[in-house]
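Structure, as structure tokens:
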Amino acid sequence: MIALSTLVCVVLACVCVQIAPAVAQVKGTVTEGNINPLRIAIPPFVPGNPQDGELSGNVSSVIAADLERSGLFAPLDPASYIEQISDPNKAPRMPDWQAISAQVLLVGRAGTLPDGRVKAEFRLWDPYTAKQLAGQQFAVRADSWRRLGHIIADAVYERMTGDKGYFDTRVVFIDETGAKDNRVKRLAVMDQDGFNLRVLTQGKDLILTPRFSPANQTIVYTAYEKGNPHVFMQDLVSGQRQLLGNFDGMTFAPRFSPDGGRVLFSLQQGGSSSIFEYDVGSRQSRQITASKAIDTGPSYSPDQRQIVFESDRDGTQQLFLMNADGSGQRRLSTGDGRYSTPVWSPRGDLIAFTKMVDGRFLIGVMRPDGSGERILTGGYHNEGPTWAPNGRVLMFFRESQGASGGPKLFTVDLTGYNERQIPTPHFGSDPAWSPRIN
């Protein structure tokens, strides 16, 4: 038995900041219990053209917001800046940035190109060695200018942490409106920070559990058409969608394989449900589990050799592990309570889950062998974790109580300390993170 208080107190791969004599860099440890974010100065980007003042300032604001939200960076107050950057290609006056204790300095320029695209360039400096740590330039369509900020934030995050960034990504989720007893649920997609929201369905049919392909901008989801749930696949670029197979029974809980070539889902027939796999290319399916229980929520390991899933075969919802062909099925969860919605980290080192115990819904992680269970956050109703593509942050939804309550989207990092709400215009549930946008 693992006590909840013990789970909460276990330190989880916390991130601390160490400043070497030369280069300031975020370092990861497994022993530290506190977080010291990196102090970064991000002066407003210089306009590429006289008319680009608003654009350039907005791009640098997106970068600052992304990095601050990660919990690993602390953007300094611009009012404290001594030097005003007018030429990002000129070396800054390093003593001015040392004086305000900036551990790293990001300068840049953003503007409109003759062909209508928008371009941004940046330079990342260590004020204590006067060395440039990174420098790149990017161009995107004018209507995608926020991507410039996300792309640069990813570059800074990777240079300073050693991990890939996760800011230039999208999230598909369920946009919910209306009274609690008559909620309209629509499929929607947005940037990971809540901007650029686009509604994909109009709420005619109930939509549940959308999931992104790790390989491209394709999603699968469950839709109740004519009263029965079936799994559909939809291309976000063309808008084309197709029914995933033609099965005699209800299909639900889909999830792509890591290579995007297959989809795991559940098929309910009678009083039980089994896990199936659908090959996207050949459109052939095969059954993986066959029991009298409810087997659902399957998720592949990154190497596609194993599958974690939930089942009530032992009397309550628990997590189980099996080989990709269905062999070697064994129970994974050992703590008190019920476990559901398992999802394997893209890094392969952890499995996230929802846990229900003592009337609370908790979001936690455990190692693939079932050890090291740790609770990251809890509340009245937390559910549906999804991993950022770098495997360092989870998004989930939290339901609030009361007649006017509803679900909202949140993120939490693997320390459990950095929890943030993601703004959405309405209620939101069932998030799924996209891969990084190419």
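Residues in the structure tokens are named by chain (A, B, ... in the order shown) and by number from 1 within that chain; ligands are numbered from 1 in the order shown.
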Considering only C-alpha atoms, return as a VMD selection string whatever protein or nucleic-acid residues lie within 12 Å of Ile437 in chain A, sequence-local ones (same chain, fewer than 5 positions apart) excluded. chain A and resid 147 to 148 150 to 151 154 165 to 171 191 to 192 212 to 218 389
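If you count only C-alpha atoms and ignore residues fewer than 3 places along the chain from range 348-352 of chain A, what sits within 6 Å of it is A:Pro302, A:Pro342, A:Val343, A:Trp344, A:Ser345, A:Gly364, A:Val365, A:Met366, A:Arg367, A:Pro368.
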Near range 246-259 of chain A, counting only C-alpha atoms, which residues have an atom at most 9 Å away, once you skip same-chain residues fewer than 5 positions from it, shown as a tab-separated table (two decimals) with C-alpha atoms, in the first residue's frame?
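Okay, this is what ended up in out-v8.tsv:
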chain	number	residue	atom	x	y	z
A	208	LEU	CA	-14.99	12.29	-27.21
A	209	THR	CA	-11.31	11.42	-26.76
A	210	PRO	CA	-9.58	13.10	-29.73
A	211	ARG	CA	-5.96	12.01	-30.19
A	212	PHE	CA	-3.19	13.43	-32.38
A	213	SER	CA	-1.00	11.30	-34.59
A	214	PRO	CA	2.61	11.58	-33.38
A	215	ALA	CA	3.71	11.60	-37.02
A	219	ILE	CA	-6.40	13.01	-35.44
A	220	VAL	CA	-8.65	10.16	-34.37
A	221	TYR	CA	-11.68	10.54	-32.10
A	222	THR	CA	-14.91	8.91	-31.00
A	223	ALA	CA	-18.15	10.31	-32.42
A	228	ASN	CA	-23.60	4.66	-31.24
A	229	PRO	CA	-19.92	5.53	-30.76
A	230	HIS	CA	-17.51	4.89	-33.61
A	231	VAL	CA	-13.90	5.87	-34.20
A	232	PHE	CA	-13.14	8.35	-37.00
A	264	LEU	CA	-5.37	1.07	-31.06
A	265	PHE	CA	-9.00	1.20	-29.91
A	266	SER	CA	-11.63	-0.72	-27.97
A	267	LEU	CA	-14.50	-2.69	-29.47
A	268	GLN	CA	-17.47	-3.41	-27.25
A	269	GLN	CA	-19.54	-6.48	-27.96
A	270	GLY	CA	-22.00	-7.67	-25.34
A	273	SER	CA	-14.74	-4.79	-24.62
A	296	THR	CA	-9.76	-0.11	-22.91
A	297	GLY	CA	-7.49	2.96	-22.95
A	298	PRO	CA	-4.56	1.32	-24.80
A	299	SER	CA	-1.28	3.19	-25.36
A	300	TYR	CA	1.84	1.96	-27.14
A	301	SER	CA	5.35	2.27	-25.75
A	302	PRO	CA	7.60	4.47	-27.91
A	303	ASP	CA	9.34	1.39	-29.37
A	304	GLN	CA	5.89	-0.15	-30.08
A	346	PRO	CA	7.35	9.89	-25.66
Which residue out of A:Glu277, A:Glu399, A:Glu310, A:Asp87 has the minimum interatomic distance to Gly48 in chain A when only C-alpha atoms are used?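 Closest to Gly48 in chain A, using only C-alpha atoms: A:Asp87.
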List every residue of range 121-343 of chain A that DSSP, applied to the backbone of this structure, places in strand (DSSP E or B), and write the result as a ChimeraX atom specification. /A:121-126,131-140,170-177,184-191,198-199,206-212,218-225,228-235,241-243,250-256,262-269,272-279,285-287,294-300,306-311,318-323,330-331,338-343
